[in-house]
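Working notes, structure below.
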Amino acid sequence: MATDIKYGLLVPLVAQPDKELAVSDFLNGGYDLVQAEPETSQWFALKYAGVTPSTFAIFDTFATTSGRAAHLSGKVAEALMANAPKLLSPAPEIGELEVLASKVKASGGGKTGGLSLGLRVIIEAKSEKVQTVKDFLIGALPIVEEEPETPVWYAIHFPGTNKFGIVDFFASEGGREAHLVGKVAAALFASVDDLLTGAPDVVKVDVLAAKV
């Protein structure tokens, strides 16, 4: 378990028409900038697959709130806000989150850390089931630890809301599919009626760049 990871950000980025390539290029440029941020533990530039309008995202994690604050006042965030009016619509919303549990194991090198694709899953707990959902996600970590093709996995909660999520990354489509038919996914979907307000919002993502 990545015990030092406690906080994070999930920032969806909706590209303006005909600006998809420019957004992708911007995110790839962010990879170089984030290398100079020692308090940014992991950083992922993502493209949502099969989503219209074209949507990208930044997902990153931190050991401390001060590290997150430093990132939000750093060069990547500054460049994002400066370029948002000409690249994005609407303006990006900064989603602060807490990391409930995580598995981070280096799977390779290169600009994506050996990762090529992933999943972004958002769920909303029934008001009386918030603690149960939190316990479920934390308890899923030992199961994920036994999945050799799931090298990076996060269980997250958006503070002040009943919304939770799972963000995870894989080296191959085979690894992602194995996870989707594995024990955690089966237990989550089996618990929908009891624990959640509706079906999980599952989005497949492509990894453009990653600091792992």
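Letters A, B, ... go to the chains of the structure tokens in the order shown; residues in each chain start at 1; ligands are counted from 1 in the same order.
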
Polymer residues at most 10 Å from Ile58 (chain A), only C-alpha atoms, same-chain spacing of 2 or more positions, as JSON, numbers by chain: {"A": [9, 10, 11, 12, 13, 27, 30, 43, 44, 45, 46, 47, 56, 60, 94, 209, 210]}

Spatial neighbours of region 191-200 of chain A, 6 Å, only C-alpha atoms, chain gap at least 4 places, as a PDB file with C-alpha atoms, in the first residue's frame:
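Written file, selection_14.pdb:
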```pdb
ATOM      1  CA  ILE A 122     -17.560   7.358  -9.594  1.00  0.00           C
ATOM      2  CA  ILE A 123     -20.214   6.084  -7.174  1.00  0.00           C
ATOM      3  CA  GLU A 124     -22.630   7.825  -4.830  1.00  0.00           C
ATOM      4  CA  ALA A 125     -23.501   6.212  -1.504  1.00  0.00           C
ATOM      5  CA  LYS A 126     -26.955   6.315   0.000  1.00  0.00           C
ATOM      6  CA  LYS A 129     -24.511   3.885   3.794  1.00  0.00           C
TER       7      LYS A 129
END
```

What's around region 182-185 of chain A at 12 Å? Count only C-alpha atoms, leave out sequence neighbours fewer than 4 positions away in its own chain, and write the answer as a VMD selection string. chain A and resid 119 121 136 to 150 153 155 166 175 to 178 189 to 192 200 202

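Among the candidates A:Pro17, A:Pro151, A:Gly50, A:Pro38, the residue lying nearest to Gly108 (chain A) is A:Pro151 (atoms considered: only C-alpha atoms).
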
Which residues are near His71 (chain A)? Cut-off 12 Å, only C-alpha atoms, ignore same chain within fewer than 2 positions. Put them as a PyMOL selection string. chain A and resi 7-9+30+33-43+60-69+73-80+94

Which is closer to Leu97 (chain A) than all the others in A:Leu117, A:Ala171, A:Ile156, A:Val23, using only C-alpha atoms?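 Checking each of A:Leu117, A:Ala171, A:Ile156, A:Val23 against Leu97 (chain A), counting only C-alpha atoms, the winner is A:Ile156.
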
Secondary structure check, alpha helix (DSSP H) residues of region 6-200 of chain A, as a count of residues only: 71

Rank A:Ser107, A:Thr161, A:Thr112, A:Ser24 by their smallest atom-to-atom distance to Leu88 (chain A), using only C-alpha atoms, and report the top residue only.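 The answer is A:Ser24, which sits nearest to Leu88 (chain A).
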
Within region 58-187 of chain A, find each residue whose DSSP state, derived from the backbone, is strand (DSSP E), and express the selection as a PyMOL selection string. chain A and resi 58-62+95-104+117-124+152-157+163-170

Using only C-alpha atoms, which residue out of A:Val152, A:Leu21, A:Val181, A:Ala187 lies closest to Gly118 (chain A)? A:Val152

When you count only C-alpha atoms, which of these residues is closest to Val99 (chain A): A:Phe170, A:Asn83, A:Asp135, A:Gly165?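 Ranking A:Phe170, A:Asn83, A:Asp135, A:Gly165 by distance to Val99 (chain A), first place goes to A:Gly165.
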
Skip Ala15 (chain A) itself and residues of its chain fewer than 3 positions away, then list as a list of chain:residue names all residues within 6 Å of it, counting only C-alpha atoms.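 Once the adjacent positions are removed, what remains is A:Lys19, A:Glu20, A:Ser54, A:Thr55, A:Leu87, A:Leu88.
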
Pick out the closest residue to Lys163 (chain A) from this set: A:Ala186, A:Ala106, A:Val133, A:Ala84. Count only C-alpha atoms.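 Checking each of A:Ala186, A:Ala106, A:Val133, A:Ala84 against Lys163 (chain A), counting only C-alpha atoms, the winner is A:Val133.
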